[in-house]
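Structure data (PDB, C-alpha atoms and all ligand atoms) from structure.pdb:
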```
ATOM      1  CA  MET A   1       0.000   0.000   0.000  1.00  0.00           C
ATOM      2  CA  ARG A   2       1.307   3.394  -0.940  1.00  0.00           C
ATOM      3  CA  PHE A   3       0.445   6.203   1.432  1.00  0.00           C
ATOM      4  CA  VAL A   4       0.479   9.775   0.236  1.00  0.00           C
ATOM      5  CA  GLY A   5       0.022  12.562   2.726  1.00  0.00           C
ATOM      6  CA  ALA A   6      -0.335  16.077   1.395  1.00  0.00           C
ATOM      7  CA  VAL A   7      -1.332  18.360   4.197  1.00  0.00           C
ATOM      8  CA  GLU A   8      -0.705  22.058   3.847  1.00  0.00           C
ATOM      9  CA  ARG A   9       2.085  23.377   6.039  1.00  0.00           C
ATOM     10  CA  ASN A  10       0.901  24.689   9.391  1.00  0.00           C
ATOM     11  CA  LEU A  11      -2.672  23.697   8.690  1.00  0.00           C
ATOM     12  CA  ARG A  12      -4.820  24.259  11.733  1.00  0.00           C
ATOM     13  CA  VAL A  13      -8.251  22.802  12.227  1.00  0.00           C
ATOM     14  CA  ASP A  14     -10.794  24.172  14.651  1.00  0.00           C
ATOM     15  CA  ALA A  15     -11.680  20.817  16.199  1.00  0.00           C
ATOM     16  CA  ASP A  16     -10.856  18.472  19.051  1.00  0.00           C
ATOM     17  CA  PRO A  17      -7.751  16.444  18.081  1.00  0.00           C
ATOM     18  CA  ASP A  18      -9.041  13.111  19.388  1.00  0.00           C
ATOM     19  CA  GLN A  19     -12.338  13.486  17.619  1.00  0.00           C
ATOM     20  CA  LEU A  20     -10.751  14.581  14.374  1.00  0.00           C
ATOM     21  CA  PHE A  21      -8.364  11.642  14.620  1.00  0.00           C
ATOM     22  CA  ARG A  22     -11.333   9.318  15.043  1.00  0.00           C
ATOM     23  CA  VAL A  23     -13.011  10.729  11.947  1.00  0.00           C
ATOM     24  CA  ILE A  24      -9.908  10.347   9.782  1.00  0.00           C
ATOM     25  CA  LEU A  25      -9.196   6.906  11.225  1.00  0.00           C
ATOM     26  CA  ASN A  26     -12.673   5.662  10.339  1.00  0.00           C
ATOM     27  CA  LEU A  27     -12.308   6.890   6.768  1.00  0.00           C
ATOM     28  CA  ALA A  28      -8.761   5.571   6.440  1.00  0.00           C
ATOM     29  CA  ARG A  29      -9.781   2.176   7.784  1.00  0.00           C
ATOM     30  CA  ASN A  30     -12.525   1.931   5.176  1.00  0.00           C
ATOM     31  CA  ALA A  31     -10.016   2.942   2.518  1.00  0.00           C
ATOM     32  CA  MET A  32      -7.582   0.231   3.609  1.00  0.00           C
ATOM     33  CA  GLN A  33     -10.353  -2.341   3.540  1.00  0.00           C
ATOM     34  CA  ALA A  34     -11.374  -1.183   0.075  1.00  0.00           C
ATOM     35  CA  LEU A  35      -7.799  -1.554  -1.153  1.00  0.00           C
ATOM     36  CA  GLU A  36      -7.735  -5.113   0.154  1.00  0.00           C
ATOM     37  CA  ARG A  37     -10.650  -5.864  -2.166  1.00  0.00           C
ATOM     38  CA  ARG A  38      -8.906  -4.645  -5.299  1.00  0.00           C
ATOM     39  CA  ALA A  39      -7.443  -7.010  -7.867  1.00  0.00           C
ATOM     40  CA  PRO A  40      -4.272  -8.494  -6.347  1.00  0.00           C
ATOM     41  CA  ASN A  41      -2.309  -8.098  -9.579  1.00  0.00           C
ATOM     42  CA  ASP A  42      -3.048  -4.416  -9.893  1.00  0.00           C
ATOM     43  CA  PRO A  43      -0.052  -2.736  -8.245  1.00  0.00           C
ATOM     44  CA  GLY A  44      -0.745   0.652  -9.786  1.00  0.00           C
ATOM     45  CA  ARG A  45      -3.981   1.000  -7.899  1.00  0.00           C
ATOM     46  CA  ASP A  46      -2.843   0.693  -4.342  1.00  0.00           C
ATOM     47  CA  GLN A  47      -2.888   4.169  -2.932  1.00  0.00           C
ATOM     48  CA  LEU A  48      -4.307   5.796   0.156  1.00  0.00           C
ATOM     49  CA  ARG A  49      -4.074   9.549   0.101  1.00  0.00           C
ATOM     50  CA  VAL A  50      -4.880  12.095   2.770  1.00  0.00           C
ATOM     51  CA  THR A  51      -4.876  15.760   1.879  1.00  0.00           C
ATOM     52  CA  GLY A  52      -5.652  18.814   3.944  1.00  0.00           C
ATOM     53  CA  ARG A  53      -6.006  22.413   2.966  1.00  0.00           C
ATOM     54  CA  ARG A  54      -7.613  25.580   4.151  1.00  0.00           C
ATOM     55  CA  GLU A  55      -9.962  27.632   2.022  1.00  0.00           C
ATOM     56  CA  GLY A  56     -10.785  30.805   3.900  1.00  0.00           C
ATOM     57  CA  ALA A  57     -12.584  29.912   7.115  1.00  0.00           C
ATOM     58  CA  VAL A  58     -13.018  26.279   6.127  1.00  0.00           C
ATOM     59  CA  VAL A  59     -10.664  23.319   6.239  1.00  0.00           C
ATOM     60  CA  MET A  60     -11.067  20.489   3.739  1.00  0.00           C
ATOM     61  CA  ILE A  61      -9.584  17.118   4.473  1.00  0.00           C
ATOM     62  CA  GLU A  62      -9.863  14.406   1.840  1.00  0.00           C
ATOM     63  CA  VAL A  63      -9.283  10.706   2.290  1.00  0.00           C
ATOM     64  CA  SER A  64      -8.977   8.926  -1.057  1.00  0.00           C
ATOM     65  CA  ASP A  65      -8.218   5.420  -2.135  1.00  0.00           C
ATOM     66  CA  THR A  66      -7.798   3.707  -5.467  1.00  0.00           C
ATOM     67  CA  GLY A  67     -10.029   0.796  -4.508  1.00  0.00           C
ATOM     68  CA  PRO A  68     -13.207  -0.385  -6.260  1.00  0.00           C
ATOM     69  CA  GLY A  69     -15.375   2.587  -5.237  1.00  0.00           C
ATOM     70  CA  VAL A  70     -18.520   2.644  -3.094  1.00  0.00           C
ATOM     71  CA  ASN A  71     -21.150   0.321  -4.450  1.00  0.00           C
ATOM     72  CA  ASP A  72     -24.768   1.375  -4.961  1.00  0.00           C
ATOM     73  CA  ARG A  73     -26.066  -0.605  -2.030  1.00  0.00           C
ATOM     74  CA  ALA A  74     -23.702   1.142   0.377  1.00  0.00           C
ATOM     75  CA  ARG A  75     -24.343   4.551  -1.211  1.00  0.00           C
ATOM     76  CA  ALA A  76     -28.038   4.417  -0.465  1.00  0.00           C
ATOM     77  CA  ARG A  77     -27.583   4.546   3.321  1.00  0.00           C
ATOM     78  CA  LEU A  78     -23.956   5.514   3.647  1.00  0.00           C
ATOM     79  CA  PHE A  79     -24.064   7.655   6.786  1.00  0.00           C
ATOM     80  CA  GLU A  80     -26.902   5.851   8.573  1.00  0.00           C
ATOM     81  CA  ALA A  81     -25.871   3.873  11.642  1.00  0.00           C
ATOM     82  CA  PHE A  82     -26.094   0.101  11.218  1.00  0.00           C
ATOM     83  CA  GLN A  83     -27.464   0.480   7.665  1.00  0.00           C
ATOM     84  CA  GLY A  84     -24.635   1.296   5.332  1.00  0.00           C
ATOM     85  CA  SER A  85     -22.409  -1.734   5.709  1.00  0.00           C
ATOM     86  CA  THR A  86     -21.845  -4.099   2.830  1.00  0.00           C
ATOM     87  CA  ARG A  87     -18.898  -5.863   4.449  1.00  0.00           C
ATOM     88  CA  PRO A  88     -19.210  -9.234   6.127  1.00  0.00           C
ATOM     89  CA  GLY A  89     -18.753  -8.456   9.820  1.00  0.00           C
ATOM     90  CA  GLY A  90     -19.121  -4.716   9.184  1.00  0.00           C
ATOM     91  CA  THR A  91     -21.090  -2.692  11.702  1.00  0.00           C
ATOM     92  CA  GLY A  92     -22.040   0.174   9.455  1.00  0.00           C
ATOM     93  CA  LEU A  93     -21.002   2.542  12.231  1.00  0.00           C
ATOM     94  CA  GLY A  94     -17.746   3.987  10.923  1.00  0.00           C
ATOM     95  CA  LEU A  95     -19.212   6.598   8.607  1.00  0.00           C
ATOM     96  CA  ALA A  96     -22.207   7.304  10.833  1.00  0.00           C
ATOM     97  CA  ILE A  97     -19.928   8.140  13.764  1.00  0.00           C
ATOM     98  CA  ALA A  98     -17.588  10.168  11.575  1.00  0.00           C
ATOM     99  CA  ALA A  99     -20.477  12.174  10.142  1.00  0.00           C
ATOM    100  CA  GLU A 100     -21.963  12.782  13.585  1.00  0.00           C
ATOM    101  CA  LEU A 101     -18.648  14.026  14.994  1.00  0.00           C
ATOM    102  CA  VAL A 102     -18.124  16.379  12.085  1.00  0.00           C
ATOM    103  CA  ARG A 103     -21.693  17.666  12.299  1.00  0.00           C
ATOM    104  CA  ALA A 104     -21.002  18.673  15.888  1.00  0.00           C
ATOM    105  CA  TYR A 105     -18.498  21.160  14.473  1.00  0.00           C
ATOM    106  CA  GLY A 106     -20.979  22.475  11.975  1.00  0.00           C
ATOM    107  CA  GLY A 107     -19.204  20.584   9.232  1.00  0.00           C
ATOM    108  CA  GLU A 108     -20.009  17.645   7.007  1.00  0.00           C
ATOM    109  CA  ILE A 109     -18.613  14.643   5.196  1.00  0.00           C
ATOM    110  CA  ARG A 110     -19.385  14.033   1.564  1.00  0.00           C
ATOM    111  CA  LEU A 111     -18.630  11.325  -0.891  1.00  0.00           C
ATOM    112  CA  VAL A 112     -16.996  13.093  -3.829  1.00  0.00           C
ATOM    113  CA  ASP A 113     -18.343  11.928  -7.160  1.00  0.00           C
ATOM    114  CA  GLY A 114     -16.394  11.160 -10.268  1.00  0.00           C
ATOM    115  CA  THR A 115     -13.051  10.172  -8.800  1.00  0.00           C
ATOM    116  CA  ILE A 116     -11.067   7.033  -9.411  1.00  0.00           C
ATOM    117  CA  GLY A 117     -11.730   4.791  -6.445  1.00  0.00           C
ATOM    118  CA  THR A 118     -13.264   6.645  -3.534  1.00  0.00           C
ATOM    119  CA  THR A 119     -12.833  10.086  -2.062  1.00  0.00           C
ATOM    120  CA  PHE A 120     -14.494  11.334   1.092  1.00  0.00           C
ATOM    121  CA  ARG A 121     -14.255  15.039   1.852  1.00  0.00           C
ATOM    122  CA  ILE A 122     -14.461  16.324   5.398  1.00  0.00           C
ATOM    123  CA  ILE A 123     -15.369  19.978   5.666  1.00  0.00           C
ATOM    124  CA  ILE A 124     -14.787  21.738   8.977  1.00  0.00           C
ATOM    125  CA  PRO A 125     -15.534  25.422   9.362  1.00  0.00           C
ATOM    126  CA  ASP A 126     -13.802  27.561  11.961  1.00  0.00           C
ATOM    127  CA  ARG A 127     -16.068  28.251  14.881  1.00  0.00           C
ATOM    128  CA  ALA A 128     -17.295  31.780  15.391  1.00  0.00           C
ATOM    129  CA  VAL A 129     -15.293  33.555  18.045  1.00  0.00           C
ATOM    130  CA  ASP A 130     -17.389  34.251  21.099  1.00  0.00           C
ATOM    131  CA  ILE A 131     -15.250  36.710  23.011  1.00  0.00           C
ATOM    132  CA  GLY A 132     -14.941  35.770  26.630  1.00  0.00           C
ATOM    133  CA  THR A 133     -16.467  32.314  26.489  1.00  0.00           C
ATOM    134  CA  ARG A 134     -14.519  30.719  23.669  1.00  0.00           C
ATOM    135  CA  ARG A 135     -13.095  27.401  24.860  1.00  0.00           C
ATOM    136  CA  GLY A 136     -12.329  25.580  21.598  1.00  0.00           C
ATOM    137  CA  GLU A 137      -8.818  24.337  20.978  1.00  0.00           C
ATOM    138  CA  ARG A 138      -6.980  25.004  17.796  1.00  0.00           C
ATOM    139  CA  VAL A 139      -4.913  22.007  16.855  1.00  0.00           C
ATOM    140  CA  ARG A 140      -2.468  21.037  14.219  1.00  0.00           C
ATOM    141  CA  ALA A 141      -3.941  18.352  11.954  1.00  0.00           C
TER     142      ALA A 141
HETATM  143  N1  LIG A 201     -13.339   3.791   0.841  1.00  0.00           N
HETATM  144  C1  LIG A 201     -14.373   3.011   0.541  1.00  0.00           C
HETATM  145  N2  LIG A 201     -14.403   2.271  -0.606  1.00  0.00           N
HETATM  146  C2  LIG A 201     -15.452   1.493  -0.901  1.00  0.00           C
HETATM  147  N3  LIG A 201     -16.544   1.348  -0.120  1.00  0.00           N
HETATM  148  C3  LIG A 201     -16.572   2.055   1.027  1.00  0.00           C
HETATM  149  C4  LIG A 201     -15.506   2.924   1.425  1.00  0.00           C
HETATM  150  N4  LIG A 201     -15.842   3.491   2.601  1.00  0.00           N
HETATM  151  C5  LIG A 201     -17.052   3.005   2.933  1.00  0.00           C
HETATM  152  N5  LIG A 201     -17.497   2.140   1.998  1.00  0.00           N
HETATM  153  C6  LIG A 201     -18.781   1.402   2.023  1.00  0.00           C
HETATM  154  O1  LIG A 201     -19.589   1.972   3.023  1.00  0.00           O
HETATM  155  C7  LIG A 201     -19.993   0.966   3.942  1.00  0.00           C
HETATM  156  C8  LIG A 201     -20.175   1.585   5.310  1.00  0.00           C
HETATM  157  O2  LIG A 201     -18.931   1.948   5.893  1.00  0.00           O
HETATM  158  P1  LIG A 201     -18.852   2.080   7.477  1.00  0.00           P
HETATM  159  O3  LIG A 201     -19.921   3.006   7.948  1.00  0.00           O
HETATM  160  O4  LIG A 201     -17.454   2.413   7.848  1.00  0.00           O
HETATM  161  O5  LIG A 201     -19.246   0.644   8.002  1.00  0.00           O
HETATM  162  P2  LIG A 201     -18.394  -0.696   7.951  1.00  0.00           P
HETATM  163  O6  LIG A 201     -16.972  -0.349   7.628  1.00  0.00           O
HETATM  164  O7  LIG A 201     -18.551  -1.291   9.318  1.00  0.00           O
HETATM  165  O8  LIG A 201     -19.034  -1.551   6.886  1.00  0.00           O
HETATM  166  C9  LIG A 201     -18.924  -0.124   3.851  1.00  0.00           C
HETATM  167  O9  LIG A 201     -19.426  -1.395   4.221  1.00  0.00           O
HETATM  168  C10 LIG A 201     -18.571  -0.069   2.367  1.00  0.00           C
HETATM  169  O10 LIG A 201     -19.505  -0.801   1.605  1.00  0.00           O
HETATM  170 MG    MG A 202     -15.830   1.155   8.416  1.00  0.00          MG
END
```
Let me see the structure of the file written as structure tokens.
Ligand SMILES: Nc1ncnc2c1ncn2[C@@H]1O[C@H](COP(=O)(O)OP(=O)(O)O)[C@@H](O)[C@H]1O
Ligand SMILES: [Mg+2]
Amino acid sequence: MRFVGAVERNLRVDADPDQLFRVILNLARNAMQALERRAPNDPGRDQLRVTGRREGAVVMIEVSDTGPGVNDRARARLFEAFQGSTRPGGTGLGLAIAAELVRAYGGEIRLVDGTIGTTFRIIIPDRAVDIGTRRGERVRA
């Protein structure tokens, strides 16, 4: 498996580090599992890529793999707890939990259409500054 990390220098995300880690871990785990399902004699398609960049007050993190893509059955209920799984032994919780965590930051996770393999995009906006009561941590992704 080839891992490519392309995170902008000094990127900061307005989110709890443990929770953000959990979100990325869930997506990366799915990506690894997808790569395991690819044709074994297909060495060119064995990549997991994580990118991060800021666009104004929003941070975009993408987790991509060159696996077989998300099938139609999984697409239909992708972010619903216990519903989206198409893997034997899968819980269908990974994406539901990830989406819930990101929603708590006012962000979202989307499946990006039209890519080779699969790309999920996490969008996390900076929180509004509430002078005096602001308690959020700014962390390095
Ligand atoms: N990177 C991916 N490539 C292909 N299919 C994916 C990918 N990520 C998620 N899926 C599909 O979405 C389903 C739901 O994922 P998830 O919520 O993490 O549950 P689980 O991994 O337990 O099945 C998976 O079973 C799979 O069918
Ligand atoms: Mg999963």
If the PyMOL selection byres (((chain A and resi 101) around 12) and not hetatm) is run on the structure shown, which residues does it catch, given as a ChimeraX atom specification?
-> /A:15-24,26,79,94-100,102-109,122-124
Take the residues just selected and output them with C-alpha atoms as a CSV table (one decimal), keeping the file's coordinate frame.
```csv
chain,number,residue,atom,x,y,z
A,15,ALA,CA,-11.7,20.8,16.2
A,16,ASP,CA,-10.9,18.5,19.1
A,17,PRO,CA,-7.8,16.4,18.1
A,18,ASP,CA,-9.0,13.1,19.4
A,19,GLN,CA,-12.3,13.5,17.6
A,20,LEU,CA,-10.8,14.6,14.4
A,21,PHE,CA,-8.4,11.6,14.6
A,22,ARG,CA,-11.3,9.3,15.0
A,23,VAL,CA,-13.0,10.7,11.9
A,24,ILE,CA,-9.9,10.3,9.8
A,26,ASN,CA,-12.7,5.7,10.3
A,79,PHE,CA,-24.1,7.7,6.8
A,94,GLY,CA,-17.7,4.0,10.9
A,95,LEU,CA,-19.2,6.6,8.6
A,96,ALA,CA,-22.2,7.3,10.8
A,97,ILE,CA,-19.9,8.1,13.8
A,98,ALA,CA,-17.6,10.2,11.6
A,99,ALA,CA,-20.5,12.2,10.1
A,100,GLU,CA,-22.0,12.8,13.6
A,102,VAL,CA,-18.1,16.4,12.1
A,103,ARG,CA,-21.7,17.7,12.3
A,104,ALA,CA,-21.0,18.7,15.9
A,105,TYR,CA,-18.5,21.2,14.5
A,106,GLY,CA,-21.0,22.5,12.0
A,107,GLY,CA,-19.2,20.6,9.2
A,108,GLU,CA,-20.0,17.6,7.0
A,109,ILE,CA,-18.6,14.6,5.2
A,122,ILE,CA,-14.5,16.3,5.4
A,123,ILE,CA,-15.4,20.0,5.7
A,124,ILE,CA,-14.8,21.7,9.0
```
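Using all atoms listed in the file, the nearest neighbour of Glu62 in chain A within the list A:Arg121, A:Arg9, A:Arg45, A:Arg37 is A:Arg121.
Our summary of the geometry notes that CA of Gln47 in chain A is positioned 17.9 Å from atom O10 of ligand LIG 201 (chain A).
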As JSON: centre and edge lengths in Å, one decimal, of the axis-aligned box holding ligand LIG 201 (chain A) with 5 Å per side:
```
{"center_x": -16.8, "center_y": 1.1, "center_z": 4.2, "size_x": 16.8, "size_y": 15.3, "size_z": 20.2}
```
Within 12 Å of Asp113 in chain A, counting only C-alpha atoms, which residues show up once you throw out same-chain ones fewer than 4 positions away? Write them as a PDB file with C-alpha atoms, in the coordinates of the input, please.
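Output file part.pdb follows:
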```pdb
ATOM      1  CA  SER A  64      -8.977   8.926  -1.057  1.00  0.00           C
ATOM      2  CA  GLY A  69     -15.375   2.587  -5.237  1.00  0.00           C
ATOM      3  CA  VAL A  70     -18.520   2.644  -3.094  1.00  0.00           C
ATOM      4  CA  ARG A  75     -24.343   4.551  -1.211  1.00  0.00           C
ATOM      5  CA  GLY A 117     -11.730   4.791  -6.445  1.00  0.00           C
ATOM      6  CA  THR A 118     -13.264   6.645  -3.534  1.00  0.00           C
ATOM      7  CA  THR A 119     -12.833  10.086  -2.062  1.00  0.00           C
ATOM      8  CA  PHE A 120     -14.494  11.334   1.092  1.00  0.00           C
ATOM      9  CA  ARG A 121     -14.255  15.039   1.852  1.00  0.00           C
TER      10      ARG A 121
END
```
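Between Asp126 in chain A and the residues A:Ala76, A:Val112, A:Val13, A:Val4, the shortest atom-to-atom distance, using all atoms listed in the file, involves A:Val13.
Checking A:Arg87, A:Asn10, A:Phe3, A:Gly114 one by one against Val63 in chain A, counting all atoms listed in the file, you find the shortest gap at A:Phe3.
The space separating atom C6 of ligand LIG 201 (chain A) from CA of Ala39 in chain A comes to 17.2 Å.
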Within 9 Å of ligand MG 202 (chain A), counting all atoms listed in the file: which residues, as a PyMOL selection string?
-> chain A and resi 26-31+33+85+87+90-95
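Rounded to one decimal, atom N5 of ligand LIG 201 (chain A) and CA of Gly5 in chain A lie 20.4 Å from each other.
Distances to ligand LIG 201 (chain A) were evaluated for A:Met1, A:Leu78, A:Leu48, A:Val59 using all atoms listed in the file, and the minimum falls at A:Leu78.
Using only C-alpha atoms and all ligand atoms, the smallest distance between any of A:Leu35, A:Ala128, A:Ala6, A:Val50 and ligand LIG 201 (chain A) comes from A:Leu35.
With all atoms listed in the file as the basis for measurement, A:Gly89 is the residue among A:Thr115, A:Gly89, A:Arg54, A:Asp130 that approaches ligand LIG 201 (chain A) most closely.
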